$ cat model14.txt   # compact mmCIF, C-alpha atoms and all ligand atoms
# COMPACT_ATOMS: atom_id res chain seq x y z
CA MET A 1145 -7.36 -0.36 27.51
CA PHE A 1146 -4.41 1.35 25.78
CA ALA A 1147 -5.35 4.43 23.74
CA THR A 1148 -3.34 5.11 20.56
CA GLN A 1149 -4.72 8.59 19.77
CA PRO A 1150 -2.08 10.36 21.95
CA PHE A 1151 0.63 8.88 19.73
CA ILE A 1152 -1.10 10.12 16.58
CA ASP A 1153 -1.18 13.57 18.21
CA ILE A 1154 2.52 13.37 19.05
CA ARG A 1155 3.30 12.22 15.52
CA ARG A 1156 1.62 15.39 14.25
CA ARG A 1157 3.63 17.57 16.62
CA LEU A 1158 6.85 15.85 15.60
CA HIS A 1159 5.84 16.25 11.95
CA GLN A 1160 5.80 20.02 12.41
CA ILE A 1161 9.42 20.24 13.59
CA PRO A 1162 11.64 18.20 11.20
CA GLU A 1163 15.33 18.87 11.78
CA PRO A 1164 18.63 17.85 10.14
CA GLY A 1165 20.80 15.05 11.52
CA PHE A 1166 22.50 15.93 14.84
CA ALA A 1167 20.42 19.13 15.01
CA GLU A 1168 17.24 17.43 16.33
CA PHE A 1169 17.11 19.81 19.32
CA LYS A 1170 13.38 20.57 19.37
CA THR A 1171 12.61 16.95 18.56
CA GLN A 1172 14.74 15.76 21.47
CA GLN A 1173 13.07 18.27 23.81
CA LEU A 1174 9.56 17.24 22.76
CA LEU A 1175 10.41 13.57 23.31
CA LEU A 1176 12.00 14.32 26.71
CA ASP A 1177 8.98 16.41 27.76
CA THR A 1178 6.64 13.58 26.78
CA ILE A 1179 8.73 10.97 28.59
CA SER A 1180 8.88 13.19 31.71
CA MET A 1181 5.06 12.98 31.99
CA LEU A 1182 5.24 9.21 32.54
CA PRO A 1183 5.51 7.69 36.05
CA GLN A 1184 9.27 7.91 36.62
CA GLU A 1185 9.74 4.90 38.98
CA ARG A 1186 9.85 2.45 36.09
CA ILE A 1187 12.14 4.36 33.74
CA ASP A 1188 15.70 5.65 33.44
CA VAL A 1189 16.55 8.20 30.75
CA LYS A 1190 19.89 9.19 29.21
CA THR A 1191 20.70 11.53 26.36
CA TRP A 1192 23.46 10.99 23.83
CA ARG A 1193 24.09 14.04 21.60
CA THR A 1194 20.59 14.76 20.18
CA GLY A 1195 19.48 11.17 20.80
CA ILE A 1196 17.78 9.59 23.80
CA LEU A 1197 18.00 6.17 25.46
CA VAL A 1198 15.14 5.09 27.71
CA LYS A 1199 15.21 2.00 29.90
CA VAL A 1200 11.84 0.66 31.01
CA LYS A 1201 12.80 -1.49 33.98
CA GLY A 1202 11.55 -5.06 33.93
CA ARG A 1203 10.12 -6.91 36.95
CA ASN A 1204 12.76 -9.63 36.89
CA PRO A 1205 15.06 -8.99 33.94
CA SER A 1206 17.16 -11.68 32.32
CA LYS A 1207 17.74 -9.76 29.08
CA ARG A 1208 17.31 -6.36 27.43
CA ILE A 1209 15.02 -6.00 24.43
CA GLY A 1210 15.70 -2.99 22.16
CA TYR A 1211 13.48 -0.91 19.85
CA ARG A 1212 15.15 1.78 17.75
CA ALA A 1213 13.52 4.84 16.13
CA ASP A 1214 15.34 7.37 13.95
CA MET A 1215 14.75 11.09 14.46
CA ASP A 1216 15.88 13.37 11.62
CA GLY A 1217 13.97 15.02 8.78
CA LEU A 1218 14.92 15.68 5.14
CA PRO A 1219 15.68 18.85 3.13
CA ILE A 1220 12.36 18.74 1.23
CA THR A 1221 9.76 21.51 0.95
CA GLU A 1222 6.55 19.86 2.11
CA ASP A 1223 3.62 19.77 -0.32
CA THR A 1224 1.03 17.77 1.63
CA SER A 1225 -2.58 18.72 2.39
CA TYR A 1226 -1.91 18.51 6.15
CA GLU A 1227 -2.99 21.19 8.58
CA PHE A 1228 -0.02 20.17 10.69
CA ARG A 1229 2.54 20.82 7.92
CA SER A 1230 6.22 21.39 8.73
CA THR A 1231 6.92 24.74 10.36
CA HIS A 1232 10.59 24.47 9.37
CA PRO A 1233 10.90 25.89 5.85
CA GLY A 1234 12.60 23.50 3.45
CA TYR A 1235 12.48 20.58 5.92
CA MET A 1236 10.04 17.70 6.10
CA HIS A 1237 9.51 14.33 7.75
CA ALA A 1238 9.22 12.55 4.40
CA CYS A 1239 10.72 9.24 5.48
CA GLY A 1240 8.42 8.36 8.36
CA HIS A 1241 10.75 9.14 11.26
CA ASP A 1242 7.84 11.01 12.93
CA PHE A 1243 5.95 7.67 12.81
CA HIS A 1244 8.95 5.67 14.04
CA MET A 1245 9.41 8.01 17.05
CA SER A 1246 5.74 8.18 18.05
CA ILE A 1247 5.59 4.37 17.89
CA GLY A 1248 8.69 4.28 20.13
CA LEU A 1249 6.92 6.53 22.63
CA GLY A 1250 3.83 4.32 22.45
CA VAL A 1251 5.83 1.16 23.07
CA LEU A 1252 7.60 2.58 26.09
CA THR A 1253 4.40 4.08 27.52
CA TYR A 1254 2.67 0.70 27.18
CA PHE A 1255 5.40 -1.13 29.08
CA VAL A 1256 5.47 1.49 31.81
CA GLN A 1257 1.76 0.69 32.32
CA TYR A 1258 2.02 -3.07 31.74
CA PRO A 1259 5.50 -4.13 32.91
CA ILE A 1260 7.19 -7.24 31.57
CA ASP A 1261 9.98 -9.28 33.14
CA ASP A 1262 12.76 -8.02 30.88
CA ASP A 1263 14.20 -4.54 30.50
CA LEU A 1264 13.11 -2.65 27.40
CA ILE A 1265 15.54 -0.17 25.85
CA VAL A 1266 13.91 2.37 23.54
CA ILE A 1267 16.51 4.12 21.41
CA PHE A 1268 15.82 7.45 19.69
CA GLN A 1269 18.71 7.73 17.24
CA PRO A 1270 19.67 10.93 15.43
CA ALA A 1271 20.99 11.48 11.90
CA GLU A 1272 19.80 8.39 10.02
CA GLU A 1273 19.55 10.29 6.73
CA GLY A 1274 23.12 11.46 7.22
CA PRO A 1275 25.83 11.63 8.37
CA GLY A 1276 24.75 8.52 10.33
CA GLY A 1277 24.04 8.39 14.05
CA ALA A 1278 23.89 4.62 14.55
CA LYS A 1279 27.63 3.89 14.38
CA PRO A 1280 28.80 6.57 16.83
CA MET A 1281 25.85 5.83 19.14
CA LEU A 1282 26.74 2.14 19.13
CA GLU A 1283 30.32 3.07 20.08
CA SER A 1284 29.21 5.38 22.92
CA GLU A 1285 29.53 4.57 26.64
CA GLU A 1286 25.88 5.51 27.12
CA PHE A 1287 24.79 2.80 24.69
CA ALA A 1288 27.32 0.20 25.90
CA GLU A 1289 25.90 0.39 29.43
CA TRP A 1290 22.42 -0.62 28.23
CA LYS A 1291 23.33 -2.63 25.12
CA PRO A 1292 20.28 -4.76 24.22
CA ASP A 1293 20.49 -8.53 23.71
CA CYS A 1294 18.15 -8.30 20.73
CA ILE A 1295 16.92 -5.30 18.76
CA PHE A 1296 14.07 -4.41 16.41
CA ALA A 1297 13.11 -1.48 14.22
CA LEU A 1298 10.51 -0.73 11.60
CA HIS A 1299 10.28 1.51 8.56
CA ILE A 1300 7.10 2.83 7.01
CA ALA A 1301 6.29 1.34 3.59
CA PRO A 1302 4.05 3.41 1.28
CA GLU A 1303 3.36 0.50 -1.07
CA TYR A 1304 1.76 -1.86 1.47
CA PRO A 1305 -1.76 -1.53 2.92
CA VAL A 1306 -2.30 -0.74 6.58
CA GLY A 1307 -2.29 -4.02 8.49
CA THR A 1308 0.53 -5.52 6.41
CA ILE A 1309 4.06 -6.10 7.63
CA ALA A 1310 6.77 -7.10 5.17
CA THR A 1311 10.22 -8.42 5.92
CA ARG A 1312 12.63 -11.23 5.11
CA PRO A 1313 15.37 -13.21 6.80
CA GLY A 1314 18.84 -12.16 5.58
CA ILE A 1315 19.61 -9.02 3.64
CA LEU A 1316 16.77 -6.48 3.67
CA PHE A 1317 18.51 -3.19 2.75
CA ALA A 1318 21.62 -2.46 0.72
CA ASN A 1319 25.12 -1.24 1.55
CA THR A 1320 25.23 2.48 0.81
CA SER A 1321 27.80 5.18 0.25
CA GLU A 1322 27.22 8.82 -0.45
CA LEU A 1323 29.13 10.18 -3.45
CA PHE A 1324 30.33 13.75 -4.02
CA ILE A 1325 32.52 14.67 -7.00
CA ASP A 1326 33.92 18.18 -7.45
CA LEU A 1327 35.24 19.15 -10.88
CA THR A 1328 37.43 22.17 -11.53
CA GLY A 1329 38.35 23.34 -15.06
CA THR A 1330 38.71 26.74 -16.70
CA GLY A 1331 35.80 29.13 -17.11
CA GLY A 1332 35.35 31.55 -19.99
CA HIS A 1333 33.06 33.25 -22.50
CA ALA A 1334 30.31 31.01 -23.95
CA ALA A 1335 31.38 31.99 -27.46
CA PHE A 1336 35.00 30.80 -27.03
CA PRO A 1337 34.84 27.17 -25.81
CA HIS A 1338 38.31 26.41 -27.20
CA LYS A 1339 39.78 28.83 -24.62
CA ALA A 1340 38.10 27.12 -21.62
CA ASN A 1341 37.50 23.66 -20.10
CA ASP A 1342 33.78 23.38 -19.61
CA MET A 1343 32.85 21.55 -16.40
CA VAL A 1344 29.16 21.27 -17.36
CA VAL A 1345 30.19 19.14 -20.35
CA ALA A 1346 32.65 17.16 -18.18
CA ALA A 1347 29.93 16.58 -15.56
CA SER A 1348 27.47 15.42 -18.23
CA HIS A 1349 29.95 12.83 -19.54
CA MET A 1350 30.63 11.78 -15.97
CA VAL A 1351 26.95 11.03 -15.29
CA THR A 1352 26.59 8.73 -18.29
CA GLN A 1353 29.94 7.02 -17.70
CA LEU A 1354 29.00 6.36 -14.07
CA GLN A 1355 25.84 4.58 -15.22
CA SER A 1356 27.94 2.30 -17.44
CA ILE A 1357 29.65 0.96 -14.29
CA ILE A 1358 26.32 -0.53 -13.22
CA SER A 1359 25.56 -2.06 -16.62
CA ARG A 1360 29.10 -3.25 -17.50
CA ASN A 1361 31.06 -3.89 -14.31
CA VAL A 1362 28.61 -5.31 -11.77
CA ASP A 1363 27.35 -8.88 -11.98
CA PRO A 1364 23.71 -8.43 -13.11
CA LEU A 1365 22.65 -10.96 -10.46
CA ASP A 1366 24.29 -8.85 -7.74
CA SER A 1367 22.37 -5.58 -7.95
CA ALA A 1368 23.89 -2.12 -7.63
CA VAL A 1369 22.64 1.44 -8.15
CA ILE A 1370 24.37 4.76 -8.70
CA THR A 1371 22.02 7.74 -8.48
CA ILE A 1372 23.19 11.29 -9.03
CA GLY A 1373 20.52 13.30 -7.26
CA ARG A 1374 22.00 16.76 -7.64
CA ILE A 1375 24.25 18.60 -10.09
CA GLU A 1376 25.50 22.10 -9.58
CA GLY A 1377 27.66 23.99 -12.03
CA GLY A 1378 28.29 27.37 -13.58
CA THR A 1379 26.95 30.80 -12.80
CA LYS A 1380 25.13 32.09 -15.94
CA GLN A 1381 23.84 30.78 -19.28
CA ASN A 1382 26.53 32.52 -21.36
CA ILE A 1383 29.51 31.74 -19.13
CA ILE A 1384 31.42 28.47 -19.46
CA ALA A 1385 31.42 26.79 -16.06
CA GLU A 1386 34.72 26.61 -14.23
CA LYS A 1387 33.29 24.30 -11.54
CA ALA A 1388 30.68 21.55 -11.29
CA ARG A 1389 29.63 19.29 -8.43
CA LEU A 1390 27.82 15.99 -8.61
CA GLU A 1391 26.06 14.61 -5.54
CA GLY A 1392 24.74 11.09 -5.39
CA THR A 1393 24.62 7.74 -3.68
CA ILE A 1394 25.87 4.23 -4.38
CA ARG A 1395 23.86 1.15 -3.37
CA THR A 1396 25.03 -2.47 -3.59
CA LEU A 1397 23.63 -5.73 -2.31
CA SER A 1398 27.08 -7.10 -1.51
CA VAL A 1399 30.02 -5.61 0.36
CA ASP A 1400 32.35 -6.77 -2.45
CA SER A 1401 30.38 -4.92 -5.11
CA MET A 1402 30.63 -1.70 -3.12
CA SER A 1403 34.43 -1.76 -3.25
CA LYS A 1404 34.38 -2.79 -6.93
CA VAL A 1405 32.01 0.08 -7.83
CA LYS A 1406 34.20 2.55 -5.95
CA THR A 1407 37.33 1.34 -7.78
CA ARG A 1408 35.54 1.80 -11.11
CA ILE A 1409 34.26 5.26 -10.12
CA GLU A 1410 37.86 6.28 -9.36
CA ALA A 1411 38.95 5.03 -12.81
CA VAL A 1412 36.12 6.91 -14.56
CA VAL A 1413 36.97 10.09 -12.66
CA LYS A 1414 40.67 9.77 -13.66
CA GLY A 1415 39.55 9.37 -17.27
CA ILE A 1416 37.42 12.53 -17.05
CA GLU A 1417 40.40 14.40 -15.57
CA THR A 1418 42.58 13.36 -18.50
CA GLY A 1419 39.92 13.75 -21.18
CA PHE A 1420 38.73 17.19 -20.05
CA ASP A 1421 42.04 18.44 -18.64
CA CYS A 1422 40.49 19.24 -15.28
CA LYS A 1423 40.85 18.35 -11.60
CA ALA A 1424 38.38 16.08 -9.84
CA GLU A 1425 37.94 15.22 -6.18
CA ILE A 1426 35.85 12.38 -4.79
CA ASP A 1427 34.33 12.30 -1.31
CA TYR A 1428 32.35 9.22 -0.22
CA GLY A 1429 30.57 10.99 2.67
CA ALA A 1430 28.55 8.68 4.92
CA ASN A 1431 28.65 4.91 4.34
CA TYR A 1432 26.07 2.50 5.79
CA TYR A 1433 26.44 -1.20 6.33
CA GLN A 1434 23.69 -3.46 4.92
CA VAL A 1435 20.62 -4.27 7.00
CA TYR A 1436 20.94 -8.01 7.53
CA ASN A 1437 18.07 -9.57 9.46
CA GLU A 1438 19.08 -12.41 11.77
CA GLU A 1439 17.49 -15.45 10.11
CA ASN A 1440 16.08 -17.32 13.13
CA LEU A 1441 14.60 -14.29 14.89
CA THR A 1442 13.07 -12.97 11.67
CA ARG A 1443 11.54 -16.31 10.77
CA GLU A 1444 10.22 -16.65 14.33
CA PHE A 1445 8.64 -13.15 14.11
CA MET A 1446 7.05 -13.92 10.74
CA ASP A 1447 5.65 -17.22 12.06
CA TRP A 1448 4.39 -15.44 15.19
CA LEU A 1449 2.58 -12.85 13.04
CA GLN A 1450 0.99 -15.57 10.98
CA GLN A 1451 -0.06 -17.69 13.96
CA THR A 1452 -1.45 -14.81 16.04
CA GLY A 1453 -2.95 -12.92 13.09
CA ALA A 1454 -1.55 -9.71 14.60
CA ALA A 1455 -0.91 -8.46 11.05
CA THR A 1456 -0.77 -9.80 7.52
CA VAL A 1457 2.81 -10.86 6.89
CA VAL A 1458 4.50 -10.71 3.50
CA GLU A 1459 7.96 -12.09 2.72
CA CYS A 1460 9.32 -9.25 0.59
CA ARG A 1461 12.29 -8.79 -1.71
CA GLU A 1462 15.39 -6.96 -0.54
CA ALA A 1463 15.45 -3.22 -1.34
CA MET A 1464 18.19 -0.80 -2.39
CA THR A 1465 17.30 1.60 0.40
CA GLY A 1466 19.93 2.09 3.08
CA GLU A 1467 19.59 2.35 6.84
CA ASP A 1468 22.26 2.83 9.46
CA PHE A 1469 20.25 0.41 11.64
CA GLY A 1470 22.46 -2.11 9.76
CA TYR A 1471 25.27 -1.21 12.18
CA PHE A 1472 23.12 -2.27 15.15
CA LEU A 1473 22.26 -5.54 13.41
CA ALA A 1474 25.92 -6.24 12.68
CA GLU A 1475 26.48 -6.44 16.48
CA ILE A 1476 23.12 -7.37 17.98
CA PRO A 1477 20.72 -10.08 16.76
CA GLY A 1478 17.47 -8.62 15.50
CA PHE A 1479 15.59 -7.44 12.44
CA MET A 1480 13.87 -4.58 10.69
CA PHE A 1481 10.48 -4.75 9.02
CA TRP A 1482 8.35 -2.65 6.70
CA LEU A 1483 5.08 -1.28 8.13
CA GLY A 1484 2.37 -0.71 5.51
CA VAL A 1485 1.13 2.92 5.46
CA ASP A 1486 -0.69 2.85 2.11
CA THR A 1487 0.08 6.11 0.31
CA PRO A 1488 0.56 6.70 -3.44
CA TYR A 1489 3.65 8.83 -2.89
CA GLY A 1490 6.98 7.20 -2.14
CA LEU A 1491 9.50 7.81 0.63
CA HIS A 1492 11.33 11.15 0.22
CA HIS A 1493 8.39 12.63 -1.72
CA ALA A 1494 7.05 16.09 -0.81
CA LYS A 1495 3.44 14.85 -0.97
CA ILE A 1496 3.75 11.68 1.12
CA GLU A 1497 0.86 11.30 3.62
CA PRO A 1498 1.24 7.95 5.39
CA ASP A 1499 -1.99 6.55 6.87
CA GLU A 1500 -1.89 7.15 10.62
CA ALA A 1501 -4.00 4.02 11.25
CA ALA A 1502 -0.69 2.17 10.86
CA ILE A 1503 0.44 3.54 14.24
CA GLU A 1504 -2.19 1.42 15.99
CA VAL A 1505 -1.10 -1.65 14.00
CA ALA A 1506 2.56 -1.10 14.93
CA LEU A 1507 1.74 -0.60 18.60
CA TYR A 1508 -0.46 -3.69 18.68
CA VAL A 1509 2.19 -5.86 16.99
CA LEU A 1510 5.23 -4.54 18.87
CA THR A 1511 3.71 -4.57 22.35
CA ARG A 1512 2.36 -8.11 21.98
CA TYR A 1513 5.49 -9.41 20.30
CA ILE A 1514 7.85 -7.88 22.89
CA ALA A 1515 5.70 -9.21 25.77
CA TRP A 1516 5.73 -12.65 24.13
CA LYS A 1517 9.50 -12.48 23.62
CA SER A 1518 9.98 -11.52 27.25
CA ASN A 1519 8.00 -14.52 28.47
CA LYS A 1520 9.97 -16.99 26.31
C1 LIG B 1 15.12 4.35 4.26
C2 LIG B 1 15.88 5.41 3.54
O1 LIG B 1 15.34 6.05 2.66
N1 LIG B 1 17.15 5.61 3.93
C3 LIG B 1 18.04 6.51 3.27
C4 LIG B 1 19.40 6.44 3.92
C5 LIG B 1 20.37 7.49 3.42
C6 LIG B 1 21.77 6.99 3.26
C7 LIG B 1 22.77 8.03 2.83
N2 LIG B 1 22.53 9.36 3.25
C8 LIG B 1 22.89 7.98 1.31
O2 LIG B 1 22.27 8.80 0.63
O3 LIG B 1 23.62 7.14 0.80
C9 LIG B 1 18.15 6.14 1.80
O4 LIG B 1 18.37 7.05 0.97
O5 LIG B 1 18.03 4.95 1.43
$ encode --input "model14.txt" --output "C-alpha cells"
Amino acid sequence: MFATQPFIDIRRRLHQIPEPGFAEFKTQQLLLDTISMLPQERIDVKTWRTGILVKVKGRNPSKRIGYRADMDGLPITEDTSYEFRSTHPGYMHACGHDFHMSIGLGVLTYFVQYPIDDDLIVIFQPAEEGPGGAKPMLESEEFAEWKPDCIFALHIAPEYPVGTIATRPGILFANTSELFIDLTGTGGHAAFPHKANDMVVAASHMVTQLQSIISRNVDPLDSAVITIGRIEGGTKQNIIAEKARLEGTIRTLSVDSMSKVKTRIEAVVKGIETGFDCKAEIDYGANYYQVYNEENLTREFMDWLQQTGAATVVECREAMTGEDFGYFLAEIPGFMFWLGVDTPYGLHHAKIEPDEAAIEVALYVLTRYIAWKSNK
C-alpha cells in the first residue's frame, strides 16, 4: 500500500517557499532533506546549481528512465484561500511546480520501495520560468553521466478534470522568446510636447505595431503570439517620459516563424526610432525550444492509458505555452503531458488552487507506466 498523503503535505510545504529561478535554495534543501529520509542503499544523489539529480538504482538495469520536475516560482502576490499560502512576499507557485516536484518525490519514493529492473533518474530542474535551467543542465557533466534513454514530464492543466490526462504526438508547446525593448527619448514639461520626445507615446505606437506583425506577417495557419505583459515609463503625470520599457514574450508554432517575427520586430523598432527620433534597444532574453513529443512513445502512452484505464486520455491541441523541457526532448525521446487539476483560474493567476487529488492520479499513472516500460 503506497500512501499519497505525504506528497500532498510536501506540496503544501513547497507551496510556502516559492523562489526565483536559480535561487531555489530553500526548495533544494527541503527536497534534499526529504530524500535523505529514504533508505539510501537504493539511491545516489547529485546537486547541480540549485537543481538535484536522483538515481534510483534498478535491479538489473538495461536503460535509464527519466522524470523531470521544474522548481521555481513566479513573481505573483498570492491571493488564494489557502492556509499554507506563500511565505515569500510577492512570490507564488502559480504554475504548478510545487505539484511537479512533490510528484517527483512520490515517484522516486515508490521505486525505492518497489524496485524495477531499470534505473530511474528523477530530475529537479531549476529556473523553468526563466532564464531557463534545462539547457545548461543538459550540457552539464552531472547530467551527462546519468543521461536518461527516455524522459517524461507533466504539467498541471487547470481546464481538465482530475483523472484526465491530455497530450498529443508531435508539437505540444510553442517556441518562445522573451522580449525586452528599451526606448530613450527626451523628457520635458507636460505642457511643451514640441520640446520633448515622449516615450510613452512611442511605446503605445510600438505595442499596436507589434500586434500587426501577428495579423499581417505570419501565415494565419502557423500561429504566433506577441504579448506585452509589462510597460514601464515616465516618473509623474505632468512630466513627459524620457524612457519607456516594454516587456513581453513571443510564441510561435514553427522555428521559421520565430525568426520571421524577430526580423519584423527589428523593422518595427527601427521605424519607431525614426518616427519618434529616439533610441531603442531590443533584448530577447531567454529563448525556449518547442516541446515536441516523440510520436511513437506518446502514442504508446496514450494507448496504454486507454487500455489500462489508469486515467481518461484526451488528445489535445497544441498550446502557445513554452517549456524548457523542449530542450530535453530535442535530445532524448520522450513526451510531456497535461495533468487535469480542475480549477477555474488559469496558470500564472494569483487565485489558482489546483485540486490536490490530481497528485494521486499522477502517482498512480507514472508509477505503473514506468514499471510497465521497465518490463518491456
Ligand atoms: C508552462 C508555462 O507557463 N511556461 C512559461 C515559460 C516561460 C518562458 C519565458 N520566460 C517567456 O516568457 O517567454 C510560459 O510563459 O509559457
$ residues_around --input "model14.txt" --residues "Gln1257 in chain A" --least-positions-apart "4" --cutoff "10 Å" --atoms "only C-alpha atoms" --output "mmCIF file with C-alpha atoms, keeping the file's coordinate frame"
data_model
loop_
_atom_site.group_PDB
_atom_site.id
_atom_site.type_symbol
_atom_site.label_atom_id
_atom_site.label_comp_id
_atom_site.auth_asym_id
_atom_site.auth_seq_id
_atom_site.Cartn_x
_atom_site.Cartn_y
_atom_site.Cartn_z
ATOM 1 C CA PHE A 1146 -4.410 1.350 25.780
ATOM 2 C CA LEU A 1182 5.240 9.210 32.540
ATOM 3 C CA PRO A 1183 5.510 7.690 36.050
ATOM 4 C CA ARG A 1186 9.850 2.450 36.090
ATOM 5 C CA LEU A 1252 7.600 2.580 26.090
ATOM 6 C CA THR A 1253 4.400 4.080 27.520
#
$ closest_residue --input "model14.txt" --among "A:Met1215, A:Ala1515, A:Cys1422, A:Ile1220" --to "Asp1263 in chain A" --atoms "only C-alpha atoms"
A:Ala1515
$ residues_around --input "model14.txt" --residues "range 1313-1324 of chain A" --least-positions-apart "3" --cutoff "8 Å" --atoms "all atoms listed in the file" --output "ChimeraX atom specification"
/A:1389-1399,1402,1426-1440,1442-1443,1461-1467,1480
$ atom_distance --input "model14.txt" --atom1 "CA of Ala1424 in chain A" --atom2 "CA of Ala1340 in chain A"
16.1 Å
$ atom_distance --input "model14.txt" --atom1 "CA of Pro1162 in chain A" --atom2 "CA of Met1236 in chain A"
5.4 Å
$ atom_distance --input "model14.txt" --atom1 "CA of Gly1210 in chain A" --atom2 "CA of Asp1177 in chain A"
21.3 Å
$ axis_aligned_box --input "model14.txt" --around "ligand LIG 1 (chain B)" --padding-each-side "8 Å" --output "JSON"
{"center_x": 19.4, "center_y": 6.9, "center_z": 2.4, "size_x": 24.5, "size_y": 21.0, "size_z": 19.6}
$ closest_residue --input "model14.txt" --among "A:Pro1292, A:Pro1364, A:Pro1270, A:Pro1259" --to "Gly1478 in chain A" --atoms "all atoms listed in the file"
A:Pro1292
$ closest_residue --input "model14.txt" --among "A:Ala1502, A:Ala1288, A:Ala1301, A:Ala1368" --to "Arg1155 in chain A" --atoms "only C-alpha atoms"
A:Ala1502
$ closest_residue --input "model14.txt" --among "A:Lys1520, A:His1349, A:Arg1203, A:His1299" --to "Gly1484 in chain A" --atoms "all atoms listed in the file"
A:His1299
$ closest_residue --input "model14.txt" --among "A:Thr1456, A:Thr1371, A:Asn1519, A:Ser1401" --to "ligand LIG 1 (chain B)" --atoms "only C-alpha atoms and all ligand atoms"
A:Thr1371
$ closest_residue --input "model14.txt" --among "A:Gly1274, A:Gly1307, A:Gly1373, A:Pro1477" --to "ligand LIG 1 (chain B)" --atoms "all atoms listed in the file"
A:Gly1274
$ residues_around --input "model14.txt" --residues "Glu1289 in chain A" --least-positions-apart "3" --cutoff "12 Å" --atoms "all atoms listed in the file" --output "MDAnalysis selection string"
chainID A and resid 1190 1197:1199 1208 1265 1281:1286 1292:1293
$ residues_around --input "model14.txt" --residues "Ala1167 in chain A" --least-positions-apart "6" --cutoff "12 Å" --atoms "only C-alpha atoms" --output "list in words"
Ile1161, Gln1173, Arg1193, Thr1194, Gly1195, Met1215, Asp1216, Gly1217, Leu1218, Gln1269, Pro1270, Ala1271, Glu1272, Gly1274, Pro1275 and Gly1277 of chain A
$ residues_near_point --input "model14.txt" --point "(24.4, -6.3, -13.3)" --cutoff "12 Å" --atoms "only C-alpha atoms" --output "PyMOL selection string"
chain A and resi 1355-1370+1396-1397+1401+1405
$ residues_near_point --input "model14.txt" --point "(25.7, 33.8, -17.7)" --cutoff "12 Å" --atoms "all atoms listed in the file" --output "PDB file with C-alpha atoms, in the coordinates of the input"
ATOM      1  CA  GLY A1331      35.800  29.130 -17.110  1.00  0.00           C
ATOM      2  CA  GLY A1332      35.350  31.550 -19.990  1.00  0.00           C
ATOM      3  CA  HIS A1333      33.060  33.250 -22.500  1.00  0.00           C
ATOM      4  CA  ALA A1334      30.310  31.010 -23.950  1.00  0.00           C
ATOM      5  CA  ALA A1335      31.380  31.990 -27.460  1.00  0.00           C
ATOM      6  CA  GLY A1377      27.660  23.990 -12.030  1.00  0.00           C
ATOM      7  CA  GLY A1378      28.290  27.370 -13.580  1.00  0.00           C
ATOM      8  CA  THR A1379      26.950  30.800 -12.800  1.00  0.00           C
ATOM      9  CA  LYS A1380      25.130  32.090 -15.940  1.00  0.00           C
ATOM     10  CA  GLN A1381      23.840  30.780 -19.280  1.00  0.00           C
ATOM     11  CA  ASN A1382      26.530  32.520 -21.360  1.00  0.00           C
ATOM     12  CA  ILE A1383      29.510  31.740 -19.130  1.00  0.00           C
ATOM     13  CA  ILE A1384      31.420  28.470 -19.460  1.00  0.00           C
ATOM     14  CA  ALA A1385      31.420  26.790 -16.060  1.00  0.00           C
TER      15      ALA A1385
END
$ build_atoms --input "model14.txt" --residues "range 1405-1417 of chain A" --atoms "N, CA and C atoms" --output "short mmCIF file (atom, residue, chain, number, x, y, z; two decimals), in the coordinates of the input"
data_model
loop_
_atom_site.label_atom_id
_atom_site.label_comp_id
_atom_site.auth_asym_id
_atom_site.auth_seq_id
_atom_site.Cartn_x
_atom_site.Cartn_y
_atom_site.Cartn_z
N VAL A 1405 32.62 -1.12 -7.22
CA VAL A 1405 32.01 0.08 -7.83
C VAL A 1405 32.87 1.31 -7.54
N LYS A 1406 33.37 1.39 -6.30
CA LYS A 1406 34.20 2.55 -5.95
C LYS A 1406 35.50 2.58 -6.77
N THR A 1407 36.10 1.41 -6.96
CA THR A 1407 37.33 1.34 -7.78
C THR A 1407 37.04 1.82 -9.20
N ARG A 1408 35.90 1.39 -9.73
CA ARG A 1408 35.54 1.80 -11.11
C ARG A 1408 35.22 3.30 -11.17
N ILE A 1409 34.56 3.82 -10.14
CA ILE A 1409 34.26 5.26 -10.12
C ILE A 1409 35.58 6.04 -10.17
N GLU A 1410 36.57 5.57 -9.40
CA GLU A 1410 37.86 6.28 -9.36
C GLU A 1410 38.52 6.25 -10.75
N ALA A 1411 38.38 5.13 -11.46
CA ALA A 1411 38.95 5.03 -12.81
C ALA A 1411 38.24 5.98 -13.78
N VAL A 1412 36.90 6.02 -13.69
CA VAL A 1412 36.12 6.91 -14.56
C VAL A 1412 36.50 8.37 -14.29
N VAL A 1413 36.65 8.70 -13.02
CA VAL A 1413 36.97 10.09 -12.66
C VAL A 1413 38.36 10.46 -13.18
N LYS A 1414 39.31 9.51 -13.11
CA LYS A 1414 40.67 9.77 -13.66
C LYS A 1414 40.57 10.03 -15.16
N GLY A 1415 39.73 9.21 -15.84
CA GLY A 1415 39.55 9.37 -17.27
C GLY A 1415 38.97 10.74 -17.62
N ILE A 1416 38.03 11.21 -16.81
CA ILE A 1416 37.42 12.53 -17.05
C ILE A 1416 38.50 13.61 -16.84
N GLU A 1417 39.32 13.42 -15.83
CA GLU A 1417 40.40 14.40 -15.57
C GLU A 1417 41.31 14.52 -16.80
#
